[in-house]
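Encoded as structure tokens, the structure appears first; notes follow it.
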Amino acid sequence: MSDNREFIEEFLVESSENLDQLDKDLLALEADPADQQRLASVFRTVHTIKGNSGFFGFSKLGALAHSGEHLLGRLRDGRLTLDDRIAGTLYSMVDAVRSILGSIESTGTEGDKDYRDLARTLAAAAAETDTLAPVPPPSVVAPPPAEPVVEAAVAAAAPVRPEVSVVPPPPAAAEPLVPSATGSPRAGAASGGTAPATLAATESTVRVDVDLLASILDLVGELVLARNQLRSIDSDDPAVQAVAQRINTVTSALQETAVKTRMQPVEHVFNRFPRTVRDLAVSCGKEVQLVIEGADTELDRTLIESIRDPLTHLIRNAVDHGIEPPDVRVTRGKSRAGRLALRAFNESGRVTIEVSDDGGGIAFEVVREKAVARGLVSAAEAATMPAERVLQFIFEPGFSTAAAVTSVSGRGVGMDVVRTNIEAIGGTIDIRSTPGLGTTVRVHVPLTLAIMPALVVRCGSERFAIPQSAVGELVPLKADRTGPRVEGLAEAPVMRVRGRLVPIVYLDQFLGIRTTTACREEGTVVLARVDDRELGIVVDGMQSASGRLRRGEFVDAASLSTIVIKPIGSLLSGLGLYSGATVLGDGGVVLILDLRGLLRAANIPPMIRESQAAPEATADSAERYLVCGTASGRRVAVPLGEVVRLEQHRRDAIESAGGRRVVRRGDLFTTLCDADELVGGHATSQPATLNVVVLGDHRGGVGITVGSIVDVLAAESRLHPVDTHGVAGILSLGGMATELLDLDAAAPVEAAAP
Amino acid sequence: MNAPSRTSDVMSASSVIRSCTFRVGADCFAVPADVVIEVLRGSGALARVPLAPEAILGLLHLRGRIVPILDPAVRVGVKRPTADTAATYLVVALDDDWYGLAIDEMLDVVEVPVDRIEEPRSPSTEGAAVTGVFAAPDRLVHLLDPQRMIQSPVRPRPQTPERLGVPHGRQ
């Protein structure tokens, strides 16, 4: 059999494409059982599989295909009409064939499953010729009201968009998928009689090894580099200039073409979905009409596979949780069949894939309650949270709003995995929902993984690339300290951006590039977002296309470079700081920063620290204080100089040790002391998350828990001493009397444990 | 003429090993000739890799690949003035990755009968890159296992488990 391996592999690839087409054709047939052309196509496909399996000696496969072919023959001859039951049997056959093919691919044998029952069912269905009189198609399509049915997009969907393309697929798109379908049904597999159109399609495509394409792309990359070097050579010879110009043009065109060889239409993923939706709808007892648009939108082939699972999940969610059962829909004044739309389109250099349903939408209130119950947010905060923010909780691990766990979905794993997988390929995901009207999830993915836009930043003598997808905005720092600046919480510098406190990493210091931190005064902060975490990276500036250092607030074409990502080998990827390297136009090798790794290595806690802060208004001369609200609502302050950092912890992360409450951060423990208790009061509420103001080491690493962080303000009055335990005095901060905490009282009585 | 690709385990099966010999500092080393891609001279400055282990001198671009350049002196504990001045790189292929060894001088390609290769002298070098020693006409040559050269010179960093790729368990 090993001699045949090459042929068998070809057979497998071809058959898997044929099976996808079979799924599609069967769906279309369910909608229109009278479509003779499609019936013939299904018949041909099954016949081809049968013929090939006979050729390679796969007897199980052959027997199964034979039974299927027999049933299809009856259908084609008009002696049977396709109904739900027959369609179901045929789908089972397709699944069985797929599973046998899978087994052949992995083990080389057909596997030891027994398909004889299925073959008998197929035969039985074919034998029922007489019990079922030929019924006019329409009455068969319209099912009994109680029975679930899926209609692939048919006429009803047409007004929505002109490009509706699940069924019937444009002939041009359908043809290449059945490259070797033989013409005459009665003829052997290898016989001639192939339709001319099919022949043309077969001859215009060639199967090429993916590795070969990759090496072509590599070589083109080399050529581009050589071209760039050629451009930098000054020559007065017009002949040389002309040749250089020509090479320049051809190289650019070649690069573009080579990149295109990596692209595949999303159809390859979308193809399976009509079938998925049908099966889901049947098992959920729903009626769903799937509309697919833009299946010809192209994406890098490596990305195509990466979006399959996330999209399948979104579709499951939409059918299982989104779209209501038919009866409910009718009482809500909607059509019985829910509409599920899958759209793909190009948008600003990325591909957007939208999964939208016209179902019940997401109940904000349920999400809100659940978020509070799970301790993700305090009840008070949740109450004031806008709907869009509330929806974000859906992406939290283990968050599910489904009332019932069904076999399809609702086990509370899902959206977080979807988001993680999408973000792993440099994509983003957002969700919008209108209660009662439906939900739309949009997935934005880059066109390709191998090539991406990136910001090339400079730091000392080094350059680094930061993926553009992660970059939010650029904030230039000014030497005269007007404008935004990094605020000094000694150990954990932060920057205030529209009310948020963003942790800051000085790239030069962090990577040990230099010890003098020149960029602290005049650098640029690259605000990046990874997962739900934000990070500001201080660099000297960006490198423009012309190679100059530039500073600016906008991520524009001039500051972005299109880079080809190259692996750096296991030796360096183990560092976890660089996701690859690239070669710039000037020939220089530049490392691509792995922001997730950077966040990890910089030990930035995975919480977004927020202050409900008003815009700052402070003079530098006066001493500055961190103003906080205690859980019971008292306004207290801590000298900013004493504060090392701000942390947020869930209540359940707090441990008890030796009568003290402590929280762990890496190997270190911070002893906690509640601000209310410090000033002799009692905490009145138990918020789910605690804001912790961590004091310097000479205070023994004590953290003061407060209800909220208000702002950093300068004192407007002198300190008025008062005689309250735990209070050093009263200050006017932000126009309000504020108690200054006596930090000596906060320190543990015994010397702090090491 | 089929030289084995791994020196240590296949040694006994073959009678002769073809090796590229080179000089690092005052010492001579050799790697099996069949892993050598090419010898680069004067290929320009390396791109530094901040926070990389000491043995990694930087990155070089070679025919579409990014090639990490290693300092064999660091790896095998040989002293030499500065590796940066070594502008000759011996590029070797290990599996699909290419690595460059910064060497001071390329010497001959020699064929060494296996029975002439002795155990490395210092027994303390367990797991070290030097797997054998043989005498060339005018010098002593240390045989390097390139696979071991690249093994774990990277300090492990704490990593949180990846959440990626977890399929939603259902069907």
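Chain labels follow the order of the structure tokens: the first chain is A, the next B, and so on; residue numbering restarts at 1 in every chain, and ligands are counted from 1 in their shown order.
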- Task: Check every residue of chain A for an atom within 8 Å of chain B, counting only C-alpha atoms, and provide those that qualify as a ChimeraX atom specification.
- Result: /A:218-219,221-222,309,407-409,413-414,417,420-421,424,462,511-513,566-569,571-572,574-576,581-583,588-591,600-601
Mind dumping the selected residues with N, CA and C atoms as a CSV table (one decimal), in the first residue's frame?
chain,number,residue,atom,x,y,z
A,218,ASP,N,10.2,33.2,1.2
A,218,ASP,CA,11.5,33.6,1.8
A,218,ASP,C,12.5,34.2,0.8
A,219,LEU,N,12.5,33.6,-0.3
A,219,LEU,CA,13.4,34.1,-1.4
A,219,LEU,C,13.0,35.4,-1.8
A,221,GLY,N,11.6,37.6,-0.1
A,221,GLY,CA,12.0,38.5,1.0
A,221,GLY,C,13.5,38.9,0.9
A,222,GLU,N,14.3,37.9,0.5
A,222,GLU,CA,15.7,38.2,0.2
A,222,GLU,C,15.9,39.2,-0.9
A,309,ASP,N,-12.3,27.2,15.0
A,309,ASP,CA,-12.9,26.9,16.3
A,309,ASP,C,-13.7,28.1,16.9
A,407,SER,N,-26.5,20.3,25.7
A,407,SER,CA,-25.4,19.5,25.2
A,407,SER,C,-24.5,20.3,24.2
A,408,VAL,N,-25.1,21.3,23.7
A,408,VAL,CA,-24.4,22.1,22.7
A,408,VAL,C,-23.5,23.1,23.3
A,409,SER,N,-24.0,23.9,24.2
A,409,SER,CA,-23.1,24.9,24.9
A,409,SER,C,-23.8,25.3,26.2
A,413,VAL,N,-17.6,27.6,29.5
A,413,VAL,CA,-16.3,27.8,28.9
A,413,VAL,C,-16.6,28.3,27.5
A,414,GLY,N,-15.9,29.2,27.1
A,414,GLY,CA,-16.2,29.6,25.7
A,414,GLY,C,-15.7,30.9,25.3
A,417,VAL,N,-12.2,31.7,25.9
A,417,VAL,CA,-11.3,30.9,25.0
A,417,VAL,C,-11.4,31.5,23.6
A,420,THR,N,-9.3,34.6,23.6
A,420,THR,CA,-7.8,34.2,23.7
A,420,THR,C,-7.3,33.7,22.4
A,421,ASN,N,-8.1,32.9,21.7
A,421,ASN,CA,-7.6,32.3,20.5
A,421,ASN,C,-7.6,33.4,19.4
A,424,ALA,N,-4.6,35.6,20.1
A,424,ALA,CA,-3.4,34.9,19.8
A,424,ALA,C,-2.9,35.1,18.4
A,462,GLU,N,19.3,50.6,20.0
A,462,GLU,CA,18.6,49.4,19.5
A,462,GLU,C,17.2,49.8,18.9
A,511,LEU,N,15.2,46.4,29.6
A,511,LEU,CA,16.0,45.5,28.9
A,511,LEU,C,17.5,45.6,29.1
A,512,GLY,N,17.8,46.6,30.1
A,512,GLY,CA,19.2,46.8,30.4
A,512,GLY,C,20.0,47.3,29.3
A,513,ILE,N,19.4,48.1,28.4
A,513,ILE,CA,20.1,48.7,27.3
A,513,ILE,C,21.0,49.8,27.7
A,566,LYS,N,9.9,36.6,11.2
A,566,LYS,CA,10.8,35.4,11.1
A,566,LYS,C,11.0,34.8,12.4
A,567,PRO,N,11.0,33.5,12.5
A,567,PRO,CA,11.2,32.9,13.8
A,567,PRO,C,12.7,33.1,14.3
A,568,ILE,N,12.9,33.1,15.6
A,568,ILE,CA,14.2,33.3,16.1
A,568,ILE,C,14.8,32.1,16.7
A,569,GLY,N,14.0,31.0,16.6
A,569,GLY,CA,14.6,29.7,17.1
A,569,GLY,C,14.2,29.5,18.6
A,571,LEU,N,15.9,28.8,21.0
A,571,LEU,CA,16.9,29.3,21.9
A,571,LEU,C,16.5,30.6,22.5
A,572,LEU,N,16.0,31.5,21.7
A,572,LEU,CA,15.6,32.8,22.1
A,572,LEU,C,14.1,33.0,22.4
A,574,GLY,N,12.5,31.1,24.0
A,574,GLY,CA,12.4,30.6,25.4
A,574,GLY,C,12.5,31.8,26.4
A,575,LEU,N,13.1,32.9,26.0
A,575,LEU,CA,13.2,34.1,26.8
A,575,LEU,C,11.8,34.6,27.1
A,576,GLY,N,10.9,34.5,26.2
A,576,GLY,CA,9.5,35.0,26.4
A,576,GLY,C,9.4,36.5,26.2
A,581,ALA,N,11.7,38.0,14.9
A,581,ALA,CA,12.5,39.1,14.4
A,581,ALA,C,12.1,39.4,13.0
A,582,THR,N,12.6,40.5,12.6
A,582,THR,CA,12.3,40.9,11.2
A,582,THR,C,13.6,41.6,10.6
A,583,VAL,N,13.6,41.7,9.3
A,583,VAL,CA,14.7,42.4,8.7
A,583,VAL,C,14.1,43.6,8.1
A,588,GLY,N,18.9,45.8,8.6
A,588,GLY,CA,19.1,45.6,10.0
A,588,GLY,C,18.1,44.5,10.6
A,589,VAL,N,18.6,43.7,11.5
A,589,VAL,CA,17.7,42.7,12.1
A,589,VAL,C,17.1,43.4,13.4
A,590,VAL,N,15.8,43.3,13.5
A,590,VAL,CA,15.1,43.9,14.6
A,590,VAL,C,14.2,42.9,15.3
A,591,LEU,N,14.2,42.9,16.6
A,591,LEU,CA,13.4,42.0,17.4
A,591,LEU,C,12.0,42.5,17.5
A,600,ARG,N,4.4,40.0,31.5
A,600,ARG,CA,4.7,38.9,32.5
A,600,ARG,C,6.0,39.2,33.2
A,601,ALA,N,7.0,39.5,32.4
A,601,ALA,CA,8.3,39.7,32.9
A,601,ALA,C,8.4,41.0,33.8
- If we count only C-alpha atoms, what is near Met495 of chain A at a cut-off of 8 Å, once residues fewer than 4 positions away on the same chain are taken out, given as a ChimeraX atom specification? /A:484-487,500-504,536
- Message: Report as an MDAnalysis selection string all protein, DNA and RNA residues lying within 12 Å of Gly77 of chain B, evaluated on only C-alpha atoms, omitting residues in the same chain fewer than 4 positions from it.
- Response: chainID B and resid 24:25 27 54:55 71:73 125 128:130 149
Keeping only all heavy atoms, take the residues you just selected and write them out as a PDB file, in the first residue's frame.
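Writing the result to selection-v8.pdb gives the following:
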ATOM      1  N   VAL B  24      39.243  28.626  18.507  1.00  0.00           N
ATOM      2  CA  VAL B  24      38.609  29.639  19.350  1.00  0.00           C
ATOM      3  C   VAL B  24      39.605  29.940  20.448  1.00  0.00           C
ATOM      4  O   VAL B  24      39.951  29.052  21.228  1.00  0.00           O
ATOM      5  CB  VAL B  24      37.291  29.131  19.962  1.00  0.00           C
ATOM      6  CG1 VAL B  24      36.712  30.167  20.916  1.00  0.00           C
ATOM      7  CG2 VAL B  24      36.294  28.787  18.878  1.00  0.00           C
ATOM      8  N   GLY B  25      40.082  31.195  20.504  1.00  0.00           N
ATOM      9  CA  GLY B  25      41.138  31.524  21.453  1.00  0.00           C
ATOM     10  C   GLY B  25      42.359  30.687  21.108  1.00  0.00           C
ATOM     11  O   GLY B  25      42.766  30.626  19.951  1.00  0.00           O
ATOM     12  N   ASP B  27      42.442  27.364  21.660  1.00  0.00           N
ATOM     13  CA  ASP B  27      42.051  25.964  21.550  1.00  0.00           C
ATOM     14  C   ASP B  27      41.429  25.641  20.195  1.00  0.00           C
ATOM     15  O   ASP B  27      40.897  26.509  19.517  1.00  0.00           O
ATOM     16  CB  ASP B  27      41.045  25.628  22.648  1.00  0.00           C
ATOM     17  CG  ASP B  27      41.662  25.714  24.020  1.00  0.00           C
ATOM     18  OD1 ASP B  27      42.324  24.763  24.432  1.00  0.00           O
ATOM     19  OD2 ASP B  27      41.489  26.786  24.676  1.00  0.00           O
ATOM     20  N   GLU B  54      24.431  34.975  28.108  1.00  0.00           N
ATOM     21  CA  GLU B  54      25.750  35.479  27.720  1.00  0.00           C
ATOM     22  C   GLU B  54      26.263  34.794  26.447  1.00  0.00           C
ATOM     23  O   GLU B  54      26.939  35.412  25.639  1.00  0.00           O
ATOM     24  CB  GLU B  54      26.712  35.205  28.877  1.00  0.00           C
ATOM     25  CG  GLU B  54      28.017  35.962  28.805  1.00  0.00           C
ATOM     26  CD  GLU B  54      28.990  35.414  29.837  1.00  0.00           C
ATOM     27  OE1 GLU B  54      28.600  34.545  30.629  1.00  0.00           O
ATOM     28  OE2 GLU B  54      30.149  35.865  29.805  1.00  0.00           O
ATOM     29  N   ALA B  55      25.927  33.520  26.286  1.00  0.00           N
ATOM     30  CA  ALA B  55      26.464  32.769  25.151  1.00  0.00           C
ATOM     31  C   ALA B  55      25.896  33.241  23.812  1.00  0.00           C
ATOM     32  O   ALA B  55      26.428  32.907  22.776  1.00  0.00           O
ATOM     33  CB  ALA B  55      26.191  31.280  25.331  1.00  0.00           C
ATOM     34  N   ASP B  71      28.550  32.102  21.193  1.00  0.00           N
ATOM     35  CA  ASP B  71      29.971  32.172  21.495  1.00  0.00           C
ATOM     36  C   ASP B  71      30.394  30.833  22.086  1.00  0.00           C
ATOM     37  O   ASP B  71      30.084  30.524  23.230  1.00  0.00           O
ATOM     38  CB  ASP B  71      30.229  33.305  22.494  1.00  0.00           C
ATOM     39  CG  ASP B  71      31.710  33.506  22.734  1.00  0.00           C
ATOM     40  OD1 ASP B  71      32.492  32.667  22.237  1.00  0.00           O
ATOM     41  OD2 ASP B  71      32.075  34.470  23.411  1.00  0.00           O
ATOM     42  N   PRO B  72      31.113  30.004  21.320  1.00  0.00           N
ATOM     43  CA  PRO B  72      31.485  28.695  21.855  1.00  0.00           C
ATOM     44  C   PRO B  72      32.400  28.822  23.059  1.00  0.00           C
ATOM     45  O   PRO B  72      32.404  27.954  23.932  1.00  0.00           O
ATOM     46  CB  PRO B  72      32.211  28.013  20.696  1.00  0.00           C
ATOM     47  CG  PRO B  72      32.284  28.983  19.587  1.00  0.00           C
ATOM     48  CD  PRO B  72      31.652  30.269  19.986  1.00  0.00           C
ATOM     49  N   ALA B  73      33.143  29.921  23.123  1.00  0.00           N
ATOM     50  CA  ALA B  73      34.067  30.103  24.234  1.00  0.00           C
ATOM     51  C   ALA B  73      33.311  30.131  25.559  1.00  0.00           C
ATOM     52  O   ALA B  73      33.723  29.524  26.541  1.00  0.00           O
ATOM     53  CB  ALA B  73      34.861  31.398  24.042  1.00  0.00           C
ATOM     54  N   THR B 125      32.882  17.333  32.953  1.00  0.00           N
ATOM     55  CA  THR B 125      32.067  17.979  31.920  1.00  0.00           C
ATOM     56  C   THR B 125      30.932  17.075  31.473  1.00  0.00           C
ATOM     57  O   THR B 125      30.783  16.760  30.309  1.00  0.00           O
ATOM     58  CB  THR B 125      32.937  18.348  30.705  1.00  0.00           C
ATOM     59  OG1 THR B 125      33.646  17.173  30.321  1.00  0.00           O
ATOM     60  CG2 THR B 125      33.873  19.470  31.011  1.00  0.00           C
ATOM     61  N   ALA B 128      28.319  18.327  28.932  1.00  0.00           N
ATOM     62  CA  ALA B 128      28.960  19.462  28.283  1.00  0.00           C
ATOM     63  C   ALA B 128      29.006  19.224  26.782  1.00  0.00           C
ATOM     64  O   ALA B 128      28.770  18.128  26.286  1.00  0.00           O
ATOM     65  CB  ALA B 128      30.366  19.654  28.830  1.00  0.00           C
ATOM     66  N   ALA B 129      29.356  20.289  26.061  1.00  0.00           N
ATOM     67  CA  ALA B 129      29.300  20.224  24.616  1.00  0.00           C
ATOM     68  C   ALA B 129      30.454  19.408  24.030  1.00  0.00           C
ATOM     69  O   ALA B 129      30.353  18.883  22.939  1.00  0.00           O
ATOM     70  CB  ALA B 129      29.297  21.630  24.037  1.00  0.00           C
ATOM     71  N   VAL B 130      31.543  19.299  24.778  1.00  0.00           N
ATOM     72  CA  VAL B 130      32.691  18.549  24.262  1.00  0.00           C
ATOM     73  C   VAL B 130      32.447  17.065  24.485  1.00  0.00           C
ATOM     74  O   VAL B 130      32.270  16.618  25.610  1.00  0.00           O
ATOM     75  CB  VAL B 130      33.991  18.988  24.961  1.00  0.00           C
ATOM     76  CG1 VAL B 130      35.161  18.154  24.451  1.00  0.00           C
ATOM     77  CG2 VAL B 130      34.250  20.463  24.715  1.00  0.00           C
ATOM     78  N   MET B 149      25.552  22.130  22.206  1.00  0.00           N
ATOM     79  CA  MET B 149      25.976  23.528  22.244  1.00  0.00           C
ATOM     80  C   MET B 149      24.785  24.457  22.472  1.00  0.00           C
ATOM     81  O   MET B 149      24.892  25.477  23.130  1.00  0.00           O
ATOM     82  CB  MET B 149      26.626  23.938  20.918  1.00  0.00           C
ATOM     83  CG  MET B 149      28.027  23.435  20.704  1.00  0.00           C
ATOM     84  SD  MET B 149      29.196  24.262  21.778  1.00  0.00           S
ATOM     85  CE  MET B 149      29.221  25.897  21.055  1.00  0.00           C
TER      86      MET B 149
END
- Item | Pairwise distance for atom CA of His66 of chain A and atom CA of Leu280 of chain A, rounded to one decimal in Å |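 Here the two named atoms are 28.2 Å from each other.
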- Query: atom CA of Glu105 of chain B to atom CA of Ser573 of chain A: how many Å, to one decimal?
  - Reply: 29.6 Å
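For the residues A:Phe393, A:Tyr578, A:Phe273, A:Phe464, ranking by smallest atom-to-atom distance to Asp416 of chain A using only C-alpha atoms places A:Phe393 first.
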- For Val92 of chain B, work out the shell of residues within 8 Å, counting only C-alpha atoms and skipping chain neighbours fewer than 5 positions away, then give it as a PyMOL selection string. chain B and resi 35-38+98-101+146
- Extract, using only C-alpha atoms, all DNA, RNA and protein residues at most 8 Å from Val97 of chain A, discarding same-chain residues fewer than 5 positions from it, and format them as a list in words.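 Answer for this query is Leu61, Leu64 and Ala65 of chain A.
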Residues as selected, N, CA, C and O atoms, written as a PDB file, in the first residue's frame, can you do that?
ATOM      1  N   LEU A  61     -15.416   1.495   2.906  1.00  0.00           N
ATOM      2  CA  LEU A  61     -15.759   2.758   2.275  1.00  0.00           C
ATOM      3  C   LEU A  61     -16.544   2.490   1.002  1.00  0.00           C
ATOM      4  O   LEU A  61     -17.560   3.135   0.727  1.00  0.00           O
ATOM      5  N   LEU A  64     -20.121   1.349   1.755  1.00  0.00           N
ATOM      6  CA  LEU A  64     -20.939   2.457   2.239  1.00  0.00           C
ATOM      7  C   LEU A  64     -21.324   3.375   1.087  1.00  0.00           C
ATOM      8  O   LEU A  64     -22.483   3.768   0.926  1.00  0.00           O
ATOM      9  N   ALA A  65     -20.328   3.730   0.290  1.00  0.00           N
ATOM     10  CA  ALA A  65     -20.591   4.614  -0.835  1.00  0.00           C
ATOM     11  C   ALA A  65     -21.555   3.959  -1.815  1.00  0.00           C
ATOM     12  O   ALA A  65     -22.405   4.627  -2.418  1.00  0.00           O
TER      13      ALA A  65
END
- Item | Polymer residues at most 12 Å from Ser469 of chain A, only C-alpha atoms, same-chain spacing of 3 or more positions, as a VMD selection string | chain A and resid 348 to 350 423 to 428 444 to 447 449 452 to 455 465 to 466 472 to 473 527 to 531 555 560 595
Writing out the chosen residues with N, CA, C and O atoms as a compact mmCIF listing (two decimals), in the first residue's frame:
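As written to disk, selection-v9.txt reads:
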# COMPACT_ATOMS: atom_id res chain seq x y z
N SER A 348 -10.18 48.21 6.52
CA SER A 348 -8.92 48.86 6.88
C SER A 348 -7.77 47.87 7.09
O SER A 348 -7.18 47.78 8.15
N GLY A 349 -7.48 47.12 6.04
CA GLY A 349 -6.32 46.25 6.06
C GLY A 349 -6.47 45.01 6.93
O GLY A 349 -5.51 44.28 7.15
N ARG A 350 -7.66 44.78 7.45
CA ARG A 350 -7.87 43.57 8.22
C ARG A 350 -9.13 42.92 7.70
O ARG A 350 -9.87 43.52 6.93
N GLU A 423 -7.11 36.58 19.92
CA GLU A 423 -6.02 37.51 20.23
C GLU A 423 -4.66 36.87 19.98
O GLU A 423 -3.69 37.56 19.70
N ALA A 424 -4.62 35.56 20.08
CA ALA A 424 -3.36 34.88 19.83
C ALA A 424 -2.89 35.06 18.38
O ALA A 424 -1.71 34.98 18.10
N ILE A 425 -3.83 35.32 17.49
CA ILE A 425 -3.41 35.54 16.10
C ILE A 425 -3.46 37.03 15.77
O ILE A 425 -3.56 37.42 14.62
N GLY A 426 -3.38 37.84 16.81
CA GLY A 426 -3.31 39.28 16.59
C GLY A 426 -4.65 39.90 16.25
O GLY A 426 -4.70 41.00 15.70
N GLY A 427 -5.72 39.21 16.56
CA GLY A 427 -7.03 39.75 16.26
C GLY A 427 -7.71 40.36 17.47
O GLY A 427 -7.16 40.35 18.57
N THR A 428 -8.86 40.94 17.23
CA THR A 428 -9.65 41.50 18.32
C THR A 428 -11.09 41.03 18.15
O THR A 428 -11.48 40.57 17.08
N HIS A 444 -12.13 40.67 14.33
CA HIS A 444 -11.23 41.33 13.38
C HIS A 444 -9.91 40.60 13.41
O HIS A 444 -9.29 40.47 14.47
N VAL A 445 -9.48 40.11 12.27
CA VAL A 445 -8.20 39.41 12.24
C VAL A 445 -7.29 40.02 11.18
O VAL A 445 -7.76 40.58 10.19
N PRO A 446 -5.97 39.93 11.39
CA PRO A 446 -5.07 40.45 10.36
C PRO A 446 -5.15 39.58 9.11
O PRO A 446 -5.56 38.43 9.18
N LEU A 447 -4.77 40.14 8.00
CA LEU A 447 -4.82 39.39 6.73
C LEU A 447 -3.88 38.20 6.76
O LEU A 447 -4.15 37.16 6.22
N LEU A 449 -0.40 36.29 9.00
CA LEU A 449 0.44 36.25 10.20
C LEU A 449 1.88 36.54 9.86
O LEU A 449 2.63 37.06 10.67
N MET A 452 2.97 41.77 8.82
CA MET A 452 2.05 42.61 9.57
C MET A 452 2.61 44.01 9.71
O MET A 452 3.81 44.22 9.61
N PRO A 453 1.71 44.95 9.92
CA PRO A 453 2.20 46.29 10.17
C PRO A 453 2.72 46.39 11.60
O PRO A 453 2.14 45.80 12.50
N ALA A 454 3.80 47.09 11.76
CA ALA A 454 4.37 47.23 13.10
C ALA A 454 4.98 48.61 13.25
O ALA A 454 5.32 49.28 12.28
N LEU A 455 5.08 48.99 14.49
CA LEU A 455 5.69 50.26 14.84
C LEU A 455 7.14 49.94 15.18
O LEU A 455 7.40 49.07 16.00
N ALA A 465 10.43 46.17 17.13
CA ALA A 465 9.15 46.30 16.44
C ALA A 465 8.04 45.93 17.42
O ALA A 465 8.16 44.98 18.19
N ILE A 466 6.98 46.73 17.41
CA ILE A 466 5.81 46.44 18.23
C ILE A 466 4.64 46.23 17.28
O ILE A 466 4.37 47.10 16.46
N GLY A 472 -2.25 51.29 20.95
CA GLY A 472 -3.42 52.15 21.03
C GLY A 472 -3.10 53.56 20.62
O GLY A 472 -3.62 54.09 19.65
N GLU A 473 -2.22 54.20 21.35
CA GLU A 473 -1.85 55.56 20.99
C GLU A 473 -0.44 55.86 21.46
O GLU A 473 0.16 55.09 22.19
N LEU A 527 1.30 53.44 24.17
CA LEU A 527 0.26 52.81 24.98
C LEU A 527 -0.24 51.59 24.24
O LEU A 527 -0.73 51.68 23.12
N ALA A 528 -0.07 50.44 24.86
CA ALA A 528 -0.43 49.19 24.21
C ALA A 528 -1.46 48.46 25.05
O ALA A 528 -1.53 48.64 26.26
N ARG A 529 -2.25 47.67 24.37
CA ARG A 529 -3.27 46.90 25.08
C ARG A 529 -3.12 45.44 24.71
O ARG A 529 -3.05 45.09 23.54
N VAL A 530 -3.01 44.60 25.70
CA VAL A 530 -2.89 43.16 25.46
C VAL A 530 -3.94 42.49 26.33
O VAL A 530 -3.99 42.72 27.53
N ASP A 531 -4.74 41.63 25.72
CA ASP A 531 -5.87 41.05 26.43
C ASP A 531 -6.65 42.22 27.04
O ASP A 531 -6.95 43.16 26.35
N VAL A 555 -0.33 57.18 15.28
CA VAL A 555 0.22 56.02 14.62
C VAL A 555 -0.23 56.16 13.17
O VAL A 555 -1.37 55.89 12.84
N LEU A 560 4.59 53.44 10.55
CA LEU A 560 4.38 52.00 10.49
C LEU A 560 5.24 51.37 9.40
O LEU A 560 5.41 51.94 8.33
N LEU A 595 4.50 41.45 23.73
CA LEU A 595 3.97 42.28 24.81
C LEU A 595 3.42 41.45 25.96
O LEU A 595 3.50 41.85 27.11
- Query: So which bits of segment 283-474 of chain A end up alpha helix (DSSP H) when you DSSP the backbone, as a ChimeraX atom specification?
  - Reply: /A:283-284,301-317,326-331,364-373,379-384,387-391,415-424
- Atomic separation - atom CA of Ala87 of chain A relative to atom CA of His70 of chain A, Å: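 Atom-to-atom, atom CA of His70 of chain A and atom CA of Ala87 of chain A are spaced 14.1 Å apart.
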- Nearest residue to Ala135 of chain B from the set B:Asp34, B:Leu57, B:Val112, B:Gln147 (distances using only C-alpha atoms): B:Val112
